[in-house]
Amino acid sequence: MFFNMQLTYEIAGGDFGKAGYASSEIKKVLKKLNLDLRIIKKIAVALYEAEVNIVAHAYRGSLTVEIDTVKISVKAQDEGPGIADIDQAMTEGFSTASAQVREMGFGAGMGLPNIKKNADELNISSEVGKGTELEIITYLK
Amino acid sequence: MEAQTFHHALTILTDVCIGCTHCMQVCPTEALRVKNGKAELFDNRCVDCGECMRVCPVNAIIVEQDDFSEIFKYKYRVALVPSVFIGQFPRDIPTRGIYSALLEQGFTHVYEAEHSAELLRESINEYITEYEDKWPVISTFCPAVVRLIQVRFPSLLDHMMQLKPPLDLAAMSYKKHLIDKGHNSDDIGIFYVTPCAAKIAAVKSPVGDESSPINGVINLNFLFNKTYRTLKNNDREQCPIPEKEQLKDFEMTWTLTSGESTHVNRRSLAIDGIHNVIEFLEKLENGEVTNFKFLELRACDESCAGGILTVENRFLTRDRLHNRAKQYLKDVSEGKRLHNKSIDQYKPYLKQHINIKSIPARSMLKLDEDMGEAMKKMERVRNLMCFLPAIDCGACGAPSCQSLAEDIVQKRAAISGCVFIQQSMQMKNKLSNDHALRIMEKTWGENRFDKDCTKKGAKDES
């Protein structure tokens with residue numbers, strides 16, 4: 001029998017002190033499902049990156065996790081500025097921040113590539129001025 | 001005395017236990033429940049941290065130890081003492097006086113467990129350089145932390161430093177030293193004086209090692225009392241003279257917070273207190289923490305100085321050990337204390353045996369072995385949480401509403417165990433008052449709700 005469950009957590013933009021809360025709550029659930037440890041590790045990192053992206057860039061957003069016995073898919077949706085050039089954003093080290101800004105320690109540009117590294121599939125859709133949606137899929141086998 | 005044994009070193013004295021919620025509320029792995037008015041433990045979830053023992057208002061949780069007379073089964077009886085043992089005594093009592101008092105009680109040798117710290121200092125640094133893929137390397141010094149990671153953070157087990165803790169190395173070294181002196185191996189009994197429950201568990205059921213080189217364990221508080229009495233009774237003409245082997249300064253403070261991490265040549269961090277450790281491990285698991293190469297994580301506040309079997313205030317112990325280390329350096333600068341350390345000649349031997357196997361997971365949080373089943377149970381838990389009040393009062397005998405819900409889906413509890421659900425069931429005539437009382441008595445013990453003026457805080461408290 002096909003069985004699936006869904007978890008949703010709202011995330012507020014700008015509150016860095018709480019960044020990681022939703023990821024930790026989801027992780028707690030995953031640990032109770034007897035998943036492979038490597039998978040938990042990968043998802044934990046991807047979830048956290050996605051959550052921090054929302055906190056750092058968007059006004060508000062949510063993390064939705066859908067789990068079935070074949071895969072886990074995470075949807076990270078936000079209302080925010082959106083991404084103009086997704087290919088560019090996927091390049092490791094890419095950041096919209098200027099060289100001068102980056103010298104101050106802003107915008108290291110590691111978020112999305114790190115999510116991709118920890119996912120089997122990553123789909124991104126975004127509309128400038130509206131928001132971004134990431135779909136992060138991890139297969140269990 | 002009837003005692004229900006924890007799978008580990010902690011034992012609940014059921015005739016002393018009054019069935020309250022203190023222990024259950026502080027357990028970091030939610031391993032405790034109350035049934036029939038007594039605390040009960042899920043053996044395989046317990047990590048031996050001893051937090052329950054710390055908070056028990058009636059001292060119903062104790063740490064099992066070997067009977068002191070066990071030492072006399074051996075011809076050569078080694079007291080393997082941690083430096084925090086020395087730190088229990090006032091500063092005016094010299095270390096060698098403490099050693100002498102231990103000999104007077106029947107030990108033939110006294111050896112401090114941190115004599116191996118110099119070797120470990122070298123090995124830890126080599127290990128970190130060699131295993132870049134394990135960064136941050138997590139120290140396996142504290143057995144409660146090792147067990148915590150096995151149970152709650154198994155995905156971090158790859159980071160565990162696969163090196164023996166100092167106490168095992170010291171035991172191995174000293175045993176070899178005595179054998180080389182011509183003593184028969186079977187005649188040598190090594191007894192570790194433990195400041196905590198986790199170290200006992202580590203001796204009795206080692207993780208990542210087949211067997212422990214230690215023959216028995218004696219609780220630090222027990223031996224402190226015995227030793228202090230011996231010292232106070234100082235009216236004697238002669239006393240045993242101990243050997244002169246002494247710890248080095250940094251060895252004396254090795255088991256205090258930052259004792260290990262300050263000697264790592266790369267970026268490292270030291271954290272003490274089990275709840276601080278848990279908070280940090282959550283971050284580490286999320287990938288939030290980078291750059292560190294070595295983590296020293298200790299379950300007790302102020303590390304071993306705060307062990308549950310210690311007697312003295314942990315800050316005083318820390319202060320005394322730091323002073324002892326300073327005194328050592330002063331003595332060295334004045335040309336005193338240049339004694340040989342027996343362990344130096346066994347370094348090649350110890351290095352050969354310093355590694356332990358990889359540490360297995362003990363993922364005890366899963367709801368079912370089968371993922372599909374676990375998911376169904378998780379859905380039921382989430383559904384049950386719609387009805388439970390999220391007050392986490394503990395009146396059902398479980399530490400939180402969430403844990404009651406998990407117990408229900410695992411068939412260890414019923415939803416009518418919740419007092420608030422009971423209330424509404426009674427209102428709707430789905431549960432008789434009698435039945436409700438019986439349910440509460442099943443959790444909290446028969447006649448528990450009768451008037452009793454002898455309980456703690458009541459007018460005839462005894």
# chains A, B, ... in the order shown; residues from 1 in each chain; ligands from 1
$ residues_around --residues "Glu441 (chain B)" --least-positions-apart "4" --cutoff "12 Å" --atoms "only C-alpha atoms" --output "list in words"
Gly19, Val34, Lys35, Asn36, Gly37, Lys38, Ala395, Cys396, Gly397, Gly417, Val419, Asp434, His435, Ala436, Leu437, Gly445, Glu446, Asn447, Arg448, Phe449 and Asp450 of chain B
$ residues_around --residues "region 286-294 of chain B" --least-positions-apart "5" --cutoff "7 Å" --atoms "only C-alpha atoms" --output "ChimeraX atom specification"
/A:44-45,48 /B:135-138,266-269
$ interface_residues --of "chain A" --to "chain B" --cutoff "8 Å" --atoms "only C-alpha atoms" --output "PDB file with all heavy atoms, in the first residue's frame"
ATOM      1  N   PHE A   3       1.840   4.842   0.941  1.00  0.00           N
ATOM      2  CA  PHE A   3       1.551   5.672   2.106  1.00  0.00           C
ATOM      3  C   PHE A   3       2.437   6.905   2.055  1.00  0.00           C
ATOM      4  O   PHE A   3       3.599   6.821   1.711  1.00  0.00           O
ATOM      5  CB  PHE A   3       1.879   4.862   3.372  1.00  0.00           C
ATOM      6  CG  PHE A   3       1.352   5.501   4.618  1.00  0.00           C
ATOM      7  CD1 PHE A   3       0.050   5.273   5.027  1.00  0.00           C
ATOM      8  CD2 PHE A   3       2.165   6.330   5.377  1.00  0.00           C
ATOM      9  CE1 PHE A   3      -0.434   5.870   6.181  1.00  0.00           C
ATOM     10  CE2 PHE A   3       1.679   6.925   6.527  1.00  0.00           C
ATOM     11  CZ  PHE A   3       0.374   6.693   6.931  1.00  0.00           C
ATOM     12  N   ASN A   4       1.857   8.037   2.335  1.00  0.00           N
ATOM     13  CA  ASN A   4       2.739   9.191   2.415  1.00  0.00           C
ATOM     14  C   ASN A   4       2.307  10.154   3.509  1.00  0.00           C
ATOM     15  O   ASN A   4       1.172  10.137   3.965  1.00  0.00           O
ATOM     16  CB  ASN A   4       2.865   9.892   1.063  1.00  0.00           C
ATOM     17  CG  ASN A   4       1.643  10.693   0.732  1.00  0.00           C
ATOM     18  OD1 ASN A   4       0.545  10.410   1.217  1.00  0.00           O
ATOM     19  ND2 ASN A   4       1.818  11.706  -0.084  1.00  0.00           N
ATOM     20  N   MET A   5       3.231  10.942   3.962  1.00  0.00           N
ATOM     21  CA  MET A   5       2.895  11.933   4.978  1.00  0.00           C
ATOM     22  C   MET A   5       3.508  13.274   4.619  1.00  0.00           C
ATOM     23  O   MET A   5       4.459  13.345   3.847  1.00  0.00           O
ATOM     24  CB  MET A   5       3.354  11.478   6.360  1.00  0.00           C
ATOM     25  CG  MET A   5       4.838  11.283   6.536  1.00  0.00           C
ATOM     26  SD  MET A   5       5.215  10.567   8.160  1.00  0.00           S
ATOM     27  CE  MET A   5       4.990  11.999   9.185  1.00  0.00           C
ATOM     28  N   GLY A  20      16.898  27.338  11.332  1.00  0.00           N
ATOM     29  CA  GLY A  20      17.330  26.005  11.746  1.00  0.00           C
ATOM     30  C   GLY A  20      16.264  25.301  12.561  1.00  0.00           C
ATOM     31  O   GLY A  20      16.291  24.085  12.706  1.00  0.00           O
ATOM     32  N   SER A  23      14.124  22.995  10.260  1.00  0.00           N
ATOM     33  CA  SER A  23      14.954  21.851   9.842  1.00  0.00           C
ATOM     34  C   SER A  23      15.102  20.849  10.975  1.00  0.00           C
ATOM     35  O   SER A  23      15.028  19.638  10.757  1.00  0.00           O
ATOM     36  CB  SER A  23      16.353  22.315   9.454  1.00  0.00           C
ATOM     37  OG  SER A  23      16.295  23.442   8.650  1.00  0.00           O
ATOM     38  N   SER A  24      15.319  21.353  12.197  1.00  0.00           N
ATOM     39  CA  SER A  24      15.500  20.449  13.329  1.00  0.00           C
ATOM     40  C   SER A  24      14.226  19.672  13.631  1.00  0.00           C
ATOM     41  O   SER A  24      14.271  18.485  13.950  1.00  0.00           O
ATOM     42  CB  SER A  24      15.929  21.223  14.577  1.00  0.00           C
ATOM     43  OG  SER A  24      17.254  21.650  14.418  1.00  0.00           O
ATOM     44  N   VAL A  29      11.457  14.160  13.094  1.00  0.00           N
ATOM     45  CA  VAL A  29      10.495  13.212  12.517  1.00  0.00           C
ATOM     46  C   VAL A  29      11.235  12.159  11.695  1.00  0.00           C
ATOM     47  O   VAL A  29      10.996  10.957  11.830  1.00  0.00           O
ATOM     48  CB  VAL A  29       9.450  13.947  11.645  1.00  0.00           C
ATOM     49  CG1 VAL A  29       8.563  12.946  10.915  1.00  0.00           C
ATOM     50  CG2 VAL A  29       8.619  14.890  12.508  1.00  0.00           C
ATOM     51  N   LYS A  31      14.175  11.003  11.967  1.00  0.00           N
ATOM     52  CA  LYS A  31      14.915  10.044  12.793  1.00  0.00           C
ATOM     53  C   LYS A  31      14.003   8.944  13.329  1.00  0.00           C
ATOM     54  O   LYS A  31      14.469   7.871  13.668  1.00  0.00           O
ATOM     55  CB  LYS A  31      15.581  10.760  13.961  1.00  0.00           C
ATOM     56  CG  LYS A  31      16.839  11.503  13.570  1.00  0.00           C
ATOM     57  CD  LYS A  31      17.490  12.089  14.793  1.00  0.00           C
ATOM     58  CE  LYS A  31      18.704  12.913  14.423  1.00  0.00           C
ATOM     59  NZ  LYS A  31      19.314  13.523  15.610  1.00  0.00           N
ATOM     60  N   LYS A  32      12.721   9.244  13.431  1.00  0.00           N
ATOM     61  CA  LYS A  32      11.788   8.243  13.961  1.00  0.00           C
ATOM     62  C   LYS A  32      11.339   7.254  12.891  1.00  0.00           C
ATOM     63  O   LYS A  32      10.640   6.297  13.172  1.00  0.00           O
ATOM     64  CB  LYS A  32      10.597   8.948  14.598  1.00  0.00           C
ATOM     65  CG  LYS A  32      11.071   9.642  15.856  1.00  0.00           C
ATOM     66  CD  LYS A  32      10.037  10.338  16.647  1.00  0.00           C
ATOM     67  CE  LYS A  32      10.733  10.855  17.910  1.00  0.00           C
ATOM     68  NZ  LYS A  32      10.034  11.903  18.578  1.00  0.00           N
ATOM     69  N   LEU A  33      11.735   7.513  11.641  1.00  0.00           N
ATOM     70  CA  LEU A  33      11.264   6.666  10.543  1.00  0.00           C
ATOM     71  C   LEU A  33      12.277   5.598  10.127  1.00  0.00           C
ATOM     72  O   LEU A  33      12.059   4.884   9.159  1.00  0.00           O
ATOM     73  CB  LEU A  33      10.918   7.541   9.336  1.00  0.00           C
ATOM     74  CG  LEU A  33       9.819   8.590   9.589  1.00  0.00           C
ATOM     75  CD1 LEU A  33       9.549   9.370   8.317  1.00  0.00           C
ATOM     76  CD2 LEU A  33       8.546   7.956  10.106  1.00  0.00           C
ATOM     77  N   ASN A  34      13.361   5.506  10.848  1.00  0.00           N
ATOM     78  CA  ASN A  34      14.386   4.500  10.539  1.00  0.00           C
ATOM     79  C   ASN A  34      14.940   4.630   9.118  1.00  0.00           C
ATOM     80  O   ASN A  34      15.071   3.634   8.398  1.00  0.00           O
ATOM     81  CB  ASN A  34      13.830   3.079  10.764  1.00  0.00           C
ATOM     82  CG  ASN A  34      14.956   2.074  10.960  1.00  0.00           C
ATOM     83  OD1 ASN A  34      16.067   2.452  11.351  1.00  0.00           O
ATOM     84  ND2 ASN A  34      14.689   0.805  10.686  1.00  0.00           N
ATOM     85  N   LEU A  35      15.254   5.855   8.724  1.00  0.00           N
ATOM     86  CA  LEU A  35      15.877   6.069   7.417  1.00  0.00           C
ATOM     87  C   LEU A  35      17.365   5.777   7.506  1.00  0.00           C
ATOM     88  O   LEU A  35      17.959   5.817   8.572  1.00  0.00           O
ATOM     89  CB  LEU A  35      15.715   7.530   6.984  1.00  0.00           C
ATOM     90  CG  LEU A  35      14.308   8.071   6.811  1.00  0.00           C
ATOM     91  CD1 LEU A  35      14.374   9.516   6.380  1.00  0.00           C
ATOM     92  CD2 LEU A  35      13.551   7.249   5.789  1.00  0.00           C
ATOM     93  N   LEU A  37      21.141   6.418   7.617  1.00  0.00           N
ATOM     94  CA  LEU A  37      21.793   7.555   8.275  1.00  0.00           C
ATOM     95  C   LEU A  37      22.385   8.554   7.288  1.00  0.00           C
ATOM     96  O   LEU A  37      22.360   9.755   7.505  1.00  0.00           O
ATOM     97  CB  LEU A  37      22.890   7.056   9.216  1.00  0.00           C
ATOM     98  CG  LEU A  37      22.399   6.178  10.373  1.00  0.00           C
ATOM     99  CD1 LEU A  37      23.578   5.665  11.173  1.00  0.00           C
ATOM    100  CD2 LEU A  37      21.450   6.967  11.261  1.00  0.00           C
ATOM    101  N   ARG A  38      22.917   8.027   6.163  1.00  0.00           N
ATOM    102  CA  ARG A  38      23.503   8.936   5.165  1.00  0.00           C
ATOM    103  C   ARG A  38      22.438   9.844   4.562  1.00  0.00           C
ATOM    104  O   ARG A  38      22.670  11.001   4.248  1.00  0.00           O
ATOM    105  CB  ARG A  38      24.192   8.130   4.067  1.00  0.00           C
ATOM    106  CG  ARG A  38      25.613   7.738   4.426  1.00  0.00           C
ATOM    107  CD  ARG A  38      26.070   6.626   3.533  1.00  0.00           C
ATOM    108  NE  ARG A  38      25.103   5.512   3.639  1.00  0.00           N
ATOM    109  CZ  ARG A  38      25.346   4.282   3.192  1.00  0.00           C
ATOM    110  NH1 ARG A  38      26.463   4.006   2.589  1.00  0.00           N
ATOM    111  NH2 ARG A  38      24.453   3.327   3.335  1.00  0.00           N
ATOM    112  N   ILE A  40      19.626  10.815   6.071  1.00  0.00           N
ATOM    113  CA  ILE A  40      19.266  11.833   7.068  1.00  0.00           C
ATOM    114  C   ILE A  40      20.285  12.969   7.052  1.00  0.00           C
ATOM    115  O   ILE A  40      19.943  14.139   7.079  1.00  0.00           O
ATOM    116  CB  ILE A  40      19.190  11.206   8.484  1.00  0.00           C
ATOM    117  CG1 ILE A  40      17.962  10.294   8.559  1.00  0.00           C
ATOM    118  CG2 ILE A  40      19.155  12.290   9.567  1.00  0.00           C
ATOM    119  CD1 ILE A  40      17.586   9.833   9.934  1.00  0.00           C
ATOM    120  N   LYS A  41      21.537  12.602   6.961  1.00  0.00           N
ATOM    121  CA  LYS A  41      22.597  13.597   6.970  1.00  0.00           C
ATOM    122  C   LYS A  41      22.465  14.547   5.774  1.00  0.00           C
ATOM    123  O   LYS A  41      22.527  15.773   5.915  1.00  0.00           O
ATOM    124  CB  LYS A  41      23.945  12.877   6.922  1.00  0.00           C
ATOM    125  CG  LYS A  41      25.057  13.673   7.542  1.00  0.00           C
ATOM    126  CD  LYS A  41      26.288  12.822   7.684  1.00  0.00           C
ATOM    127  CE  LYS A  41      27.387  13.608   8.365  1.00  0.00           C
ATOM    128  NZ  LYS A  41      28.568  12.804   8.627  1.00  0.00           N
ATOM    129  N   ALA A  44      19.333  16.735   6.103  1.00  0.00           N
ATOM    130  CA  ALA A  44      19.483  17.732   7.161  1.00  0.00           C
ATOM    131  C   ALA A  44      20.226  18.959   6.640  1.00  0.00           C
ATOM    132  O   ALA A  44      19.822  20.094   6.884  1.00  0.00           O
ATOM    133  CB  ALA A  44      20.228  17.131   8.352  1.00  0.00           C
ATOM    134  N   VAL A  45      21.281  18.716   5.876  1.00  0.00           N
ATOM    135  CA  VAL A  45      22.077  19.828   5.350  1.00  0.00           C
ATOM    136  C   VAL A  45      21.272  20.619   4.320  1.00  0.00           C
ATOM    137  O   VAL A  45      21.214  21.858   4.354  1.00  0.00           O
ATOM    138  CB  VAL A  45      23.403  19.311   4.737  1.00  0.00           C
ATOM    139  CG1 VAL A  45      24.156  20.435   4.047  1.00  0.00           C
ATOM    140  CG2 VAL A  45      24.269  18.675   5.823  1.00  0.00           C
ATOM    141  N   LEU A  47      18.007  20.821   3.973  1.00  0.00           N
ATOM    142  CA  LEU A  47      16.910  21.517   4.642  1.00  0.00           C
ATOM    143  C   LEU A  47      17.391  22.805   5.283  1.00  0.00           C
ATOM    144  O   LEU A  47      16.775  23.865   5.142  1.00  0.00           O
ATOM    145  CB  LEU A  47      16.341  20.637   5.766  1.00  0.00           C
ATOM    146  CG  LEU A  47      15.262  19.625   5.439  1.00  0.00           C
ATOM    147  CD1 LEU A  47      15.040  18.733   6.653  1.00  0.00           C
ATOM    148  CD2 LEU A  47      13.966  20.316   5.047  1.00  0.00           C
ATOM    149  N   TYR A  48      18.506  22.699   5.973  1.00  0.00           N
ATOM    150  CA  TYR A  48      19.018  23.862   6.689  1.00  0.00           C
ATOM    151  C   TYR A  48      19.408  24.979   5.721  1.00  0.00           C
ATOM    152  O   TYR A  48      19.078  26.139   5.928  1.00  0.00           O
ATOM    153  CB  TYR A  48      20.202  23.460   7.573  1.00  0.00           C
ATOM    154  CG  TYR A  48      20.790  24.642   8.297  1.00  0.00           C
ATOM    155  CD1 TYR A  48      20.095  25.238   9.335  1.00  0.00           C
ATOM    156  CD2 TYR A  48      22.017  25.184   7.911  1.00  0.00           C
ATOM    157  CE1 TYR A  48      20.609  26.351   9.997  1.00  0.00           C
ATOM    158  CE2 TYR A  48      22.542  26.298   8.561  1.00  0.00           C
ATOM    159  CZ  TYR A  48      21.830  26.871   9.598  1.00  0.00           C
ATOM    160  OH  TYR A  48      22.338  27.974  10.238  1.00  0.00           O
ATOM    161  N   ASP A  68       7.338   9.532   1.274  1.00  0.00           N
ATOM    162  CA  ASP A  68       6.714   8.230   1.057  1.00  0.00           C
ATOM    163  C   ASP A  68       7.830   7.195   1.097  1.00  0.00           C
ATOM    164  O   ASP A  68       8.965   7.532   1.432  1.00  0.00           O
ATOM    165  CB  ASP A  68       5.887   8.206  -0.240  1.00  0.00           C
ATOM    166  CG  ASP A  68       6.726   8.493  -1.473  1.00  0.00           C
ATOM    167  OD1 ASP A  68       7.822   7.904  -1.586  1.00  0.00           O
ATOM    168  OD2 ASP A  68       6.294   9.304  -2.318  1.00  0.00           O
ATOM    169  N   THR A  69       7.503   5.972   0.780  1.00  0.00           N
ATOM    170  CA  THR A  69       8.526   4.939   0.972  1.00  0.00           C
ATOM    171  C   THR A  69       9.562   4.924  -0.152  1.00  0.00           C
ATOM    172  O   THR A  69      10.523   4.169  -0.094  1.00  0.00           O
ATOM    173  CB  THR A  69       7.869   3.556   1.102  1.00  0.00           C
ATOM    174  OG1 THR A  69       6.855   3.453   0.116  1.00  0.00           O
ATOM    175  CG2 THR A  69       7.267   3.357   2.471  1.00  0.00           C
TER     176      THR A  69
END
$ select_by_dssp --residues "region 12-168 of chain B" --states "strand (DSSP E or B)" --output "list in words"
Ile12, Leu13, Leu32, Arg33, Val34, Lys35, Lys38, Ala39, Glu40, Leu41, Ile61, Ile62, Val63, Tyr76, Arg77, Val78, Ala79, Leu80, Val81, His109, Val110, Tyr111, Glu112, Val137, Ile138, Met160 and Leu163 of chain B
$ residues_around --residues "Glu66 (chain A)" --least-positions-apart "6" --cutoff "7 Å" --atoms "only C-alpha atoms" --output "list of chain:residue names"
A:Asn4, A:Met5, A:Gln6, A:Leu7, A:Ile72, A:Ser73, A:Val74
$ write_last_selection --atoms "C-alpha atoms" --output "JSON list (two decimals), in the first residue's frame"
[["chain", "number", "residue", "atom", "x", "y", "z"],
["A", 4, "ASN", "CA", 2.74, 9.19, 2.41],
["A", 5, "MET", "CA", 2.89, 11.93, 4.98],
["A", 6, "GLN", "CA", 3.35, 15.65, 4.80],
["A", 7, "LEU", "CA", 4.84, 18.22, 7.16],
["A", 72, "ILE", "CA", 11.47, 12.46, 0.28],
["A", 73, "SER", "CA", 10.70, 15.71, -1.41],
["A", 74, "VAL", "CA", 11.17, 19.07, 0.20]]
$ atom_distance --atom1 "CA of Thr91 (chain A)" --atom2 "CA of Lys117 (chain A)"
11.7 Å
